[in-house]
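> The following file, input34.txt, comprises compact mmCIF, C-alpha atoms and all ligand atoms:
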```
# COMPACT_ATOMS: atom_id res chain seq x y z
CA MET A 1454 -118.87 -36.66 -14.28
CA ILE A 1455 -120.62 -36.07 -10.98
CA GLN A 1456 -124.11 -37.48 -10.84
CA ILE A 1457 -126.79 -35.20 -9.41
CA VAL A 1458 -129.78 -37.02 -7.94
CA GLU A 1459 -133.07 -35.22 -7.31
CA ASN A 1460 -135.28 -35.67 -4.23
CA LYS A 1461 -132.96 -37.97 -2.35
CA ASN A 1462 -134.07 -39.34 1.00
CA LEU A 1463 -131.34 -38.67 3.58
CA LYS A 1464 -132.52 -41.30 6.09
CA GLN A 1465 -129.49 -43.52 5.38
CA TYR A 1466 -127.16 -40.55 5.66
CA ASN A 1467 -128.01 -39.38 9.18
CA THR A 1468 -127.51 -41.56 12.26
CA PHE A 1469 -130.73 -40.23 13.82
CA GLY A 1470 -132.42 -42.03 10.91
CA VAL A 1471 -134.97 -39.28 10.29
CA ASN A 1472 -136.65 -38.82 6.94
CA ALA A 1473 -135.63 -35.61 5.23
CA TYR A 1474 -135.23 -35.02 1.52
CA ALA A 1475 -132.45 -33.28 -0.35
CA LYS A 1476 -133.67 -31.33 -3.38
CA TYR A 1477 -130.40 -32.25 -5.11
CA PHE A 1478 -127.75 -34.71 -3.96
CA ALA A 1479 -124.21 -35.36 -5.19
CA GLU A 1480 -121.53 -37.68 -3.90
CA VAL A 1481 -117.93 -36.61 -4.40
CA ASN A 1482 -115.18 -39.22 -4.52
CA THR A 1483 -112.13 -37.04 -5.23
CA VAL A 1484 -110.85 -33.63 -4.18
CA ASP A 1485 -111.11 -32.53 -7.84
CA GLU A 1486 -114.79 -33.48 -7.93
CA LEU A 1487 -115.34 -31.50 -4.75
CA HIS A 1488 -113.68 -28.49 -6.33
CA GLN A 1489 -115.77 -28.87 -9.46
CA ILE A 1490 -119.12 -29.11 -7.66
CA LEU A 1491 -118.36 -26.18 -5.38
CA GLN A 1492 -117.80 -23.99 -8.43
CA ASP A 1493 -121.06 -25.14 -10.07
CA THR A 1494 -123.15 -21.99 -10.41
CA ARG A 1495 -126.40 -23.90 -10.90
CA PHE A 1496 -126.41 -24.45 -7.16
CA PRO A 1497 -125.59 -21.21 -5.37
CA GLU A 1498 -126.06 -22.79 -1.97
CA LYS A 1499 -124.53 -26.04 -0.80
CA PHE A 1500 -125.03 -28.26 2.19
CA ILE A 1501 -122.10 -30.45 3.23
CA LEU A 1502 -122.77 -33.91 4.58
CA GLY A 1503 -120.06 -36.03 6.18
CA GLY A 1504 -120.92 -39.06 8.29
CA GLY A 1505 -124.22 -37.53 9.40
CA SER A 1506 -123.54 -38.52 12.99
CA ASN A 1507 -123.72 -35.11 14.58
CA MET A 1508 -126.74 -33.43 13.11
CA LEU A 1509 -130.49 -33.35 13.45
CA LEU A 1510 -132.36 -32.71 10.21
CA THR A 1511 -135.58 -30.91 11.17
CA LYS A 1512 -136.68 -30.19 7.60
CA ASP A 1513 -136.00 -30.99 3.97
CA VAL A 1514 -132.86 -29.48 2.49
CA ASP A 1515 -133.83 -27.19 -0.33
CA THR A 1516 -130.37 -26.94 -1.92
CA LEU A 1517 -127.62 -29.23 -3.18
CA VAL A 1518 -126.38 -31.73 -0.59
CA ILE A 1519 -122.76 -32.75 -1.16
CA HIS A 1520 -121.81 -36.06 0.39
CA ILE A 1521 -118.09 -36.25 1.09
CA ASN A 1522 -116.91 -39.71 0.16
CA LEU A 1523 -113.14 -39.19 -0.11
CA LYS A 1524 -111.30 -42.41 0.74
CA GLY A 1525 -107.75 -43.47 1.47
CA ILE A 1526 -105.17 -43.78 4.25
CA SER A 1527 -101.47 -43.10 3.67
CA ILE A 1528 -98.29 -42.58 5.67
CA ASP A 1529 -96.90 -39.03 5.58
CA PHE A 1530 -93.94 -39.65 7.86
CA GLU A 1531 -92.61 -42.55 9.87
CA ASP A 1532 -89.70 -43.37 12.18
CA ASP A 1533 -89.11 -46.10 14.77
CA TYR A 1534 -91.44 -44.50 17.30
CA CYS A 1535 -94.28 -42.83 15.50
CA VAL A 1536 -96.22 -42.53 12.31
CA HIS A 1537 -98.06 -39.58 10.76
CA LEU A 1538 -101.13 -41.03 9.14
CA LYS A 1539 -103.03 -39.01 6.55
CA ILE A 1540 -106.67 -40.07 6.42
CA MET A 1541 -109.14 -38.87 3.81
CA ALA A 1542 -112.31 -37.26 5.15
CA GLY A 1543 -114.76 -39.96 4.07
CA GLU A 1544 -113.08 -42.78 5.98
CA ASN A 1545 -115.33 -44.09 8.75
CA TRP A 1546 -113.83 -43.18 12.14
CA HIS A 1547 -114.25 -46.54 13.87
CA GLN A 1548 -112.86 -48.42 10.84
CA LEU A 1549 -109.82 -46.17 11.16
CA VAL A 1550 -109.48 -47.07 14.85
CA LEU A 1551 -109.60 -50.77 13.93
CA TYR A 1552 -107.01 -50.24 11.17
CA CYS A 1553 -104.71 -48.55 13.72
CA LEU A 1554 -105.15 -51.39 16.22
CA GLU A 1555 -104.31 -53.98 13.54
CA ASN A 1556 -101.15 -52.07 12.71
CA ASN A 1557 -100.39 -51.44 16.39
CA TYR A 1558 -100.59 -47.64 16.04
CA GLY A 1559 -101.50 -46.12 19.40
CA GLY A 1560 -103.37 -42.93 20.29
CA ILE A 1561 -107.01 -43.26 19.29
CA GLU A 1562 -108.02 -46.51 21.03
CA ASN A 1563 -110.01 -44.54 23.67
CA LEU A 1564 -112.02 -43.08 20.80
CA SER A 1565 -113.28 -46.49 19.65
CA LEU A 1566 -116.82 -46.84 18.32
CA ILE A 1567 -117.52 -43.13 17.87
CA PRO A 1568 -119.90 -42.89 14.91
CA GLY A 1569 -119.14 -40.63 11.95
CA ASN A 1570 -116.34 -39.97 9.52
CA THR A 1571 -112.77 -38.82 10.01
CA GLY A 1572 -113.30 -35.52 8.20
CA THR A 1573 -115.87 -34.35 10.71
CA ALA A 1574 -113.87 -35.42 13.77
CA PRO A 1575 -111.95 -32.11 14.03
CA ILE A 1576 -115.08 -29.96 13.75
CA GLN A 1577 -116.19 -30.80 17.24
CA ASN A 1578 -112.86 -32.20 18.51
CA ILE A 1579 -114.39 -35.60 19.25
CA GLY A 1580 -113.57 -36.93 22.69
CA ALA A 1581 -114.28 -39.82 25.01
CA TYR A 1582 -112.81 -41.60 28.02
CA GLY A 1583 -110.00 -39.15 28.71
CA VAL A 1584 -108.79 -38.56 25.13
CA GLU A 1585 -109.68 -35.91 22.58
CA LEU A 1586 -108.80 -35.74 18.89
CA LYS A 1587 -106.51 -32.76 19.59
CA ASP A 1588 -104.17 -35.06 21.59
CA VAL A 1589 -103.06 -36.85 18.40
CA PHE A 1590 -103.82 -34.16 15.83
CA VAL A 1591 -101.09 -32.86 13.50
CA SER A 1592 -103.05 -30.99 10.83
CA CYS A 1593 -105.93 -31.10 8.43
CA GLU A 1594 -106.43 -29.96 4.86
CA ALA A 1595 -109.59 -28.14 3.93
CA MET A 1596 -111.14 -26.52 0.88
CA HIS A 1597 -112.69 -23.07 1.09
CA VAL A 1598 -116.34 -23.41 0.09
CA GLU A 1599 -116.50 -20.23 -1.99
CA ARG A 1600 -112.94 -19.72 -3.18
CA GLY A 1601 -112.17 -23.40 -3.75
CA GLU A 1602 -108.61 -23.02 -2.43
CA MET A 1603 -106.95 -25.60 -0.22
CA LYS A 1604 -105.48 -24.64 3.14
CA THR A 1605 -103.62 -26.61 5.82
CA PHE A 1606 -104.58 -26.00 9.45
CA ASP A 1607 -102.15 -27.09 12.17
CA LEU A 1608 -103.03 -27.85 15.78
CA ASP A 1609 -102.91 -24.23 16.95
CA ALA A 1610 -104.83 -22.93 13.95
CA CYS A 1611 -107.75 -25.26 14.73
CA GLN A 1612 -108.39 -23.62 18.14
CA PHE A 1613 -109.65 -26.84 19.67
CA GLY A 1614 -111.76 -26.68 22.82
CA TYR A 1615 -114.32 -28.95 24.52
CA ARG A 1616 -116.43 -30.24 21.59
CA SER A 1617 -115.35 -27.17 19.63
CA SER A 1618 -112.91 -25.83 17.02
CA LEU A 1619 -112.55 -22.95 14.61
CA PHE A 1620 -114.64 -24.94 12.12
CA LYS A 1621 -117.57 -24.72 14.53
CA THR A 1622 -116.98 -21.07 15.53
CA THR A 1623 -115.27 -18.30 13.53
CA GLU A 1624 -114.97 -20.28 10.28
CA LYS A 1625 -118.26 -22.14 10.60
CA GLY A 1626 -119.48 -23.30 7.18
CA ASN A 1627 -116.52 -21.78 5.36
CA TYR A 1628 -114.33 -24.87 4.90
CA ILE A 1629 -114.72 -28.50 3.99
CA ILE A 1630 -112.14 -30.75 5.61
CA THR A 1631 -110.73 -33.12 3.00
CA SER A 1632 -108.10 -34.99 5.06
CA VAL A 1633 -106.79 -35.24 8.60
CA THR A 1634 -103.22 -36.12 9.67
CA LEU A 1635 -102.72 -37.79 13.05
CA LYS A 1636 -99.55 -38.58 14.99
CA LEU A 1637 -99.70 -42.10 16.39
CA THR A 1638 -97.20 -44.17 18.37
CA LYS A 1639 -95.60 -47.37 17.07
CA LYS A 1640 -94.16 -48.45 20.43
CA ASP A 1641 -94.10 -47.30 24.08
CA HIS A 1642 -97.77 -46.47 23.70
CA LYS A 1643 -99.23 -44.03 26.20
CA ILE A 1644 -101.96 -46.11 27.79
CA ASN A 1645 -104.77 -43.87 28.99
CA VAL A 1646 -106.86 -45.57 31.65
CA GLY A 1647 -107.45 -42.60 33.95
CA TYR A 1648 -111.18 -42.78 33.34
CA GLY A 1649 -112.70 -44.84 36.18
CA ALA A 1650 -115.03 -46.88 34.01
CA ILE A 1651 -112.10 -48.15 31.87
CA GLN A 1652 -110.25 -49.39 34.94
CA ASP A 1653 -113.37 -51.21 36.16
CA GLU A 1654 -113.86 -52.80 32.77
CA LEU A 1655 -110.20 -53.93 32.51
CA LEU A 1656 -110.52 -55.47 35.96
CA LYS A 1657 -113.57 -57.38 34.77
CA MET A 1658 -111.54 -58.53 31.76
CA ASN A 1659 -108.74 -59.67 34.13
CA VAL A 1660 -106.22 -57.47 32.36
CA GLU A 1661 -103.41 -56.09 34.47
CA LYS A 1662 -101.09 -54.61 31.86
CA PRO A 1663 -103.42 -53.32 29.17
CA THR A 1664 -102.38 -53.02 25.54
CA ILE A 1665 -104.01 -50.51 23.19
CA GLN A 1666 -106.16 -53.38 21.93
CA ASP A 1667 -107.35 -54.07 25.52
CA VAL A 1668 -108.20 -50.40 26.07
CA SER A 1669 -110.23 -50.41 22.87
CA LYS A 1670 -112.09 -53.56 23.97
CA ALA A 1671 -112.87 -51.96 27.33
CA VAL A 1672 -114.13 -48.75 25.69
CA ILE A 1673 -116.27 -50.74 23.26
CA ALA A 1674 -117.80 -52.72 26.14
CA ILE A 1675 -118.60 -49.52 28.09
CA ARG A 1676 -120.06 -47.76 25.08
CA GLN A 1677 -122.15 -50.77 24.11
CA SER A 1678 -123.59 -50.95 27.62
CA LYS A 1679 -124.70 -47.31 27.64
CA LEU A 1680 -124.86 -45.91 24.14
CA PRO A 1681 -127.31 -47.18 21.53
CA ASP A 1682 -126.02 -48.49 18.18
CA PRO A 1683 -127.32 -46.07 15.51
CA ASN A 1684 -127.99 -49.06 13.23
CA GLU A 1685 -130.48 -50.37 15.78
CA LEU A 1686 -131.81 -47.18 17.36
CA GLY A 1687 -131.40 -43.81 15.68
CA ASN A 1688 -129.31 -41.35 17.71
CA SER A 1689 -126.54 -38.85 17.50
CA GLY A 1690 -124.51 -39.64 20.63
CA SER A 1691 -124.67 -36.97 23.29
CA PHE A 1692 -127.34 -34.54 22.19
CA PHE A 1693 -126.20 -31.85 24.65
CA LYS A 1694 -122.81 -30.64 25.83
CA ASN A 1695 -122.02 -30.89 29.51
CA PRO A 1696 -122.52 -27.34 30.81
CA VAL A 1697 -119.53 -25.44 32.22
CA ILE A 1698 -120.49 -22.95 34.93
CA ASP A 1699 -118.51 -20.36 36.88
CA ARG A 1700 -117.60 -20.68 40.53
CA PRO A 1701 -120.40 -18.60 42.11
CA ALA A 1702 -122.99 -20.49 40.05
CA PHE A 1703 -121.32 -23.79 40.97
CA GLU A 1704 -121.32 -22.99 44.69
CA ALA A 1705 -125.00 -22.06 44.61
CA PHE A 1706 -125.77 -25.25 42.67
CA ILE A 1707 -123.76 -27.67 44.80
CA SER A 1708 -125.19 -26.33 48.06
CA ARG A 1709 -128.66 -27.15 46.73
CA PHE A 1710 -127.62 -30.49 45.18
CA PRO A 1711 -124.65 -31.79 47.19
CA GLU A 1712 -124.97 -35.27 45.65
CA ALA A 1713 -124.41 -33.99 42.08
CA PRO A 1714 -121.34 -35.26 40.19
CA PHE A 1715 -119.01 -32.58 38.77
CA TYR A 1716 -115.53 -32.07 37.29
CA LYS A 1717 -113.35 -29.10 38.13
CA VAL A 1718 -112.19 -27.65 34.81
CA SER A 1719 -110.11 -24.82 36.33
CA GLU A 1720 -110.06 -22.66 39.47
CA SER A 1721 -113.02 -20.72 38.16
CA GLU A 1722 -114.95 -23.29 36.07
CA TYR A 1723 -116.88 -26.47 36.82
CA LYS A 1724 -118.47 -28.96 34.45
CA ILE A 1725 -121.74 -30.62 35.45
CA PRO A 1726 -122.81 -33.81 33.62
CA ALA A 1727 -125.94 -32.92 31.66
CA GLY A 1728 -126.91 -36.63 31.80
CA TRP A 1729 -127.30 -36.32 35.57
CA LEU A 1730 -129.39 -33.14 35.30
CA ILE A 1731 -131.67 -34.74 32.70
CA GLU A 1732 -132.06 -37.90 34.76
CA GLN A 1733 -132.89 -35.90 37.91
CA ALA A 1734 -135.46 -33.94 35.93
CA GLY A 1735 -137.23 -37.25 35.26
CA PHE A 1736 -136.62 -37.60 31.53
CA LYS A 1737 -134.43 -40.71 31.45
CA GLY A 1738 -136.14 -43.50 29.50
CA LYS A 1739 -139.17 -41.33 28.66
CA ARG A 1740 -140.75 -41.72 25.24
CA TYR A 1741 -142.97 -39.21 23.43
CA GLY A 1742 -144.28 -40.89 20.29
CA ASP A 1743 -141.15 -42.13 18.53
CA ALA A 1744 -138.83 -39.54 20.10
CA GLY A 1745 -137.26 -40.42 23.41
CA VAL A 1746 -134.50 -40.12 26.00
CA HIS A 1747 -132.27 -43.20 26.09
CA ALA A 1748 -132.94 -45.43 29.09
CA LYS A 1749 -129.25 -46.08 29.82
CA GLN A 1750 -127.73 -42.62 29.17
CA ALA A 1751 -129.96 -39.58 29.53
CA LEU A 1752 -127.68 -37.39 27.40
CA VAL A 1753 -128.67 -39.33 24.30
CA LEU A 1754 -131.93 -38.63 22.48
CA VAL A 1755 -133.24 -41.46 20.32
CA ASN A 1756 -135.54 -42.09 17.38
CA TYR A 1757 -137.61 -45.25 17.90
CA GLY A 1758 -138.39 -45.40 14.18
CA ASN A 1759 -140.54 -42.69 12.70
CA ALA A 1760 -139.81 -39.61 14.77
CA THR A 1761 -139.27 -36.48 12.71
CA GLY A 1762 -136.36 -34.18 13.36
CA ALA A 1763 -138.86 -31.53 14.43
CA GLU A 1764 -140.31 -33.86 17.10
CA ILE A 1765 -136.85 -34.60 18.47
CA LEU A 1766 -136.15 -30.86 18.51
CA VAL A 1767 -139.35 -30.21 20.49
CA LEU A 1768 -138.28 -32.82 23.05
CA SER A 1769 -134.82 -31.26 23.33
CA LYS A 1770 -136.38 -27.83 23.96
CA LYS A 1771 -138.64 -29.25 26.64
CA ILE A 1772 -135.60 -30.78 28.35
CA ARG A 1773 -133.64 -27.52 28.14
CA ALA A 1774 -136.50 -25.50 29.60
CA THR A 1775 -137.02 -27.97 32.46
CA ILE A 1776 -133.30 -28.02 33.35
CA TRP A 1777 -133.25 -24.23 33.36
CA GLU A 1778 -136.31 -24.00 35.63
CA ARG A 1779 -135.16 -26.69 37.98
CA PHE A 1780 -131.41 -26.03 38.24
CA GLY A 1781 -130.88 -22.54 36.81
CA ILE A 1782 -128.38 -24.08 34.35
CA GLU A 1783 -128.49 -23.65 30.60
CA ILE A 1784 -127.65 -26.68 28.50
CA GLU A 1785 -126.69 -26.35 24.86
CA ALA A 1786 -127.10 -28.80 22.01
CA GLU A 1787 -123.91 -30.54 20.91
CA VAL A 1788 -125.40 -31.70 17.62
CA ASN A 1789 -125.99 -29.35 14.71
CA VAL A 1790 -129.66 -28.63 14.31
CA VAL A 1791 -130.44 -28.08 10.64
N1 LIG B 1 -125.03 -39.58 34.47
C1 LIG B 1 -126.24 -39.76 35.11
N2 LIG B 1 -127.29 -40.19 34.34
C2 LIG B 1 -127.19 -40.44 33.02
C3 LIG B 1 -125.96 -40.25 32.38
C4 LIG B 1 -124.87 -39.81 33.13
O1 LIG B 1 -126.37 -39.54 36.30
O2 LIG B 1 -128.20 -40.86 32.44
C5 LIG B 1 -123.84 -39.19 35.28
C6 LIG B 1 -122.95 -40.42 35.49
O3 LIG B 1 -123.32 -41.14 36.60
C7 LIG B 1 -121.58 -39.79 35.67
C8 LIG B 1 -121.66 -38.55 34.80
O4 LIG B 1 -123.04 -38.29 34.57
O5 LIG B 1 -121.40 -39.38 36.99
C9 LIG B 1 -120.89 -38.70 33.50
O6 LIG B 1 -121.45 -39.75 32.70
P1 LIG B 1 -120.62 -40.49 31.53
O7 LIG B 1 -119.32 -40.99 32.05
O8 LIG B 1 -121.54 -41.45 30.88
O9 LIG B 1 -120.22 -39.35 30.53
P2 LIG B 1 -121.01 -38.06 29.98
O10 LIG B 1 -120.42 -36.85 30.59
O11 LIG B 1 -122.47 -38.25 30.11
C10 LIG B 1 -119.29 -37.64 28.05
C11 LIG B 1 -119.32 -37.39 26.58
C12 LIG B 1 -119.52 -38.68 25.80
C13 LIG B 1 -118.37 -39.61 26.15
C14 LIG B 1 -118.33 -39.83 27.67
C15 LIG B 1 -117.13 -40.62 28.10
C16 LIG B 1 -120.15 -35.11 26.30
C17 LIG B 1 -121.27 -34.25 25.84
N3 LIG B 1 -120.36 -36.43 26.23
O12 LIG B 1 -120.58 -38.11 28.43
O13 LIG B 1 -119.44 -38.38 24.41
O14 LIG B 1 -118.50 -40.86 25.49
O15 LIG B 1 -118.25 -38.55 28.35
O16 LIG B 1 -115.96 -39.85 27.98
O17 LIG B 1 -119.11 -34.60 26.70
C18 LIG B 1 -120.68 -37.80 22.47
O18 LIG B 1 -120.11 -36.72 22.49
O19 LIG B 1 -121.53 -38.08 21.58
C19 LIG B 1 -120.42 -38.77 23.53
C20 LIG B 1 -121.08 -39.93 23.61
```
Would it be possible to restate this file's structure as structure tokens?


Amino acid sequence: MIQIVENKNLKQYNTFGVNAYAKYFAEVNTVDELHQILQDTRFPEKFILGGGSNMLLTKDVDTLVIHINLKGISIDFEDDYCVHLKIMAGENWHQLVLYCLENNYGGIENLSLIPGNTGTAPIQNIGAYGVELKDVFVSCEAMHVERGEMKTFDLDACQFGYRSSLFKTTEKGNYIITSVTLKLTKKDHKINVGYGAIQDELLKMNVEKPTIQDVSKAVIAIRQSKLPDPNELGNSGSFFKNPVIDRPAFEAFISRFPEAPFYKVSESEYKIPAGWLIEQAGFKGKRYGDAGVHAKQALVLVNYGNATGAEILVLSKKIRATIWERFGIEIEAEVNVV
């Protein structure tokens, strides 16, 4: 029997730590329970809540909130070299990374300390320090919200892009991911230290031949130095995506701001770090009431305690408008604004 709670405060369920109330709230612990609640006609509309690490709640939720709490990790396939691990959606992502390191499974160590649950990782193709989820992804299983049927999506079907997938675009809101299967190495791990900051950190640690455990330690140290811990300071990681602009726009931009950092994505596209733009616009470390821009990484908006989602949204709009006026570049939110 699924318990339905009325007027539930969602503060504990969103990493921004904002107060917002769910009119009705249910936690599902099995795929069958999920199926059952989706078919419940008392609640025509449903709101799906995973780890709550990539959303900003700007108002109360006037429908049924379903918290996905499916747990379990199992091995789908294994040989001498690799393992296909099937992870249920409600498993915390960083706990999964630690589990893999304990078992010496390689592939997701660069994605250490990313907040949120495994089931939401494919939605925005989580990425950090030179690795994205798609690099180790085999497939995921998902339930159709209206029809209740299960479907398996392989790598191609997910249409992964930079912080994007089919679950964020064409099929937005239509599926609930119930499990994710990843392909991880058991030996001859591919050590990914191309990202400059990791190399610097490993040097500091006096590590010459890094193991996957060393890479994870380095990533954790870098993240802890720049990114606030949601348990201490409410936040949702990068609030904005790094904008990708075409070549004519890039040439105009770089001639005005030759000192700006950038990455060449392709012959015709360039990515500009939004953190740099926001810092140049003077927002880094600024605080407006309890809403603010993190002092160590301008891409992260923070809640100092009692900011409302609406206040954080106002700040984000102010930043967007200033960046547009100053640089002629549009920046887009990475988090889901609800
Ligand atoms: N920068 C500034 N000022 C700032 C922040 C950044 O000038 O306040 C400059 C840095 O000096 C550097 C460049 O911007 O030249 C890039 O900075 P950083 O390496 O910190 O990475 P990012 O582009 O700001 C992205 C991801 C992060 C991820 C890191 C590392 C996005 C939206 N964000 O940030 O992901 O951890 O790279 O790979 O792509 C997240 O998505 O929540 C997240 C934290």

> Find the spatial neighbours of A:Val1591, counting all atoms listed in the file, within a cut-off of 10 Å - ignore same-chain residues fewer than 4 positions away - and output them as a PyMOL selection string.

chain A and resi 1537-1539+1586-1587+1606-1609+1633-1637

> Compile the contact shell of A:Lys1679 as a list in words: residues with an atom at most 8 Å away, counting only C-alpha atoms, same-chain residues fewer than 4 positions apart removed.

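Skipping anything fewer than 4 positions along the chain leaves Ile1675, Lys1749 and Gln1750 of chain A.
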
> Given the choices A:Leu1655, A:Val1753, A:Ala1702, A:Leu1491, which gets closest to ligand LIG 1 (chain B) if the distance is worked out from all atoms listed in the file?

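The shortest atom-to-atom distance to ligand LIG 1 (chain B) comes from A:Val1753.
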
> List the spatial neighbours of stretch 1766-1780 of chain A as a list of chain:residue names - criterion: any atom at most 7 Å away, all atoms listed in the file, same-chain residues fewer than 4 positions off excluded.

A:Leu1730, A:Ile1731, A:Ala1734, A:Gly1762, A:Ile1784

> If the limit is 6 Å from any atom of ligand LIG 1 (chain B), counting all atoms listed in the file, which residues qualify? Return them as JSON, numbers by chain.

{"A": [1581, 1582, 1690, 1691, 1693, 1694, 1695, 1714, 1726, 1728, 1729, 1732, 1749, 1750, 1751, 1752]}

> Just the number, please: distance in Å from atom CA of A:Gly1758 to atom CA of A:Val1518, one decimal.

23.4 Å

> Nearest to A:Asn1688: which of A:His1747, A:Lys1499, A:His1547, A:Arg1600 is it, counting all atoms listed in the file?

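Of A:His1747, A:Lys1499, A:His1547, A:Arg1600, the one nearest A:Asn1688 is A:His1747, counting all atoms listed in the file.
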
> Separation of atom CA of A:Thr1511 and atom CA of A:Ala1760, in Å?

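It comes out at 10.3 Å.
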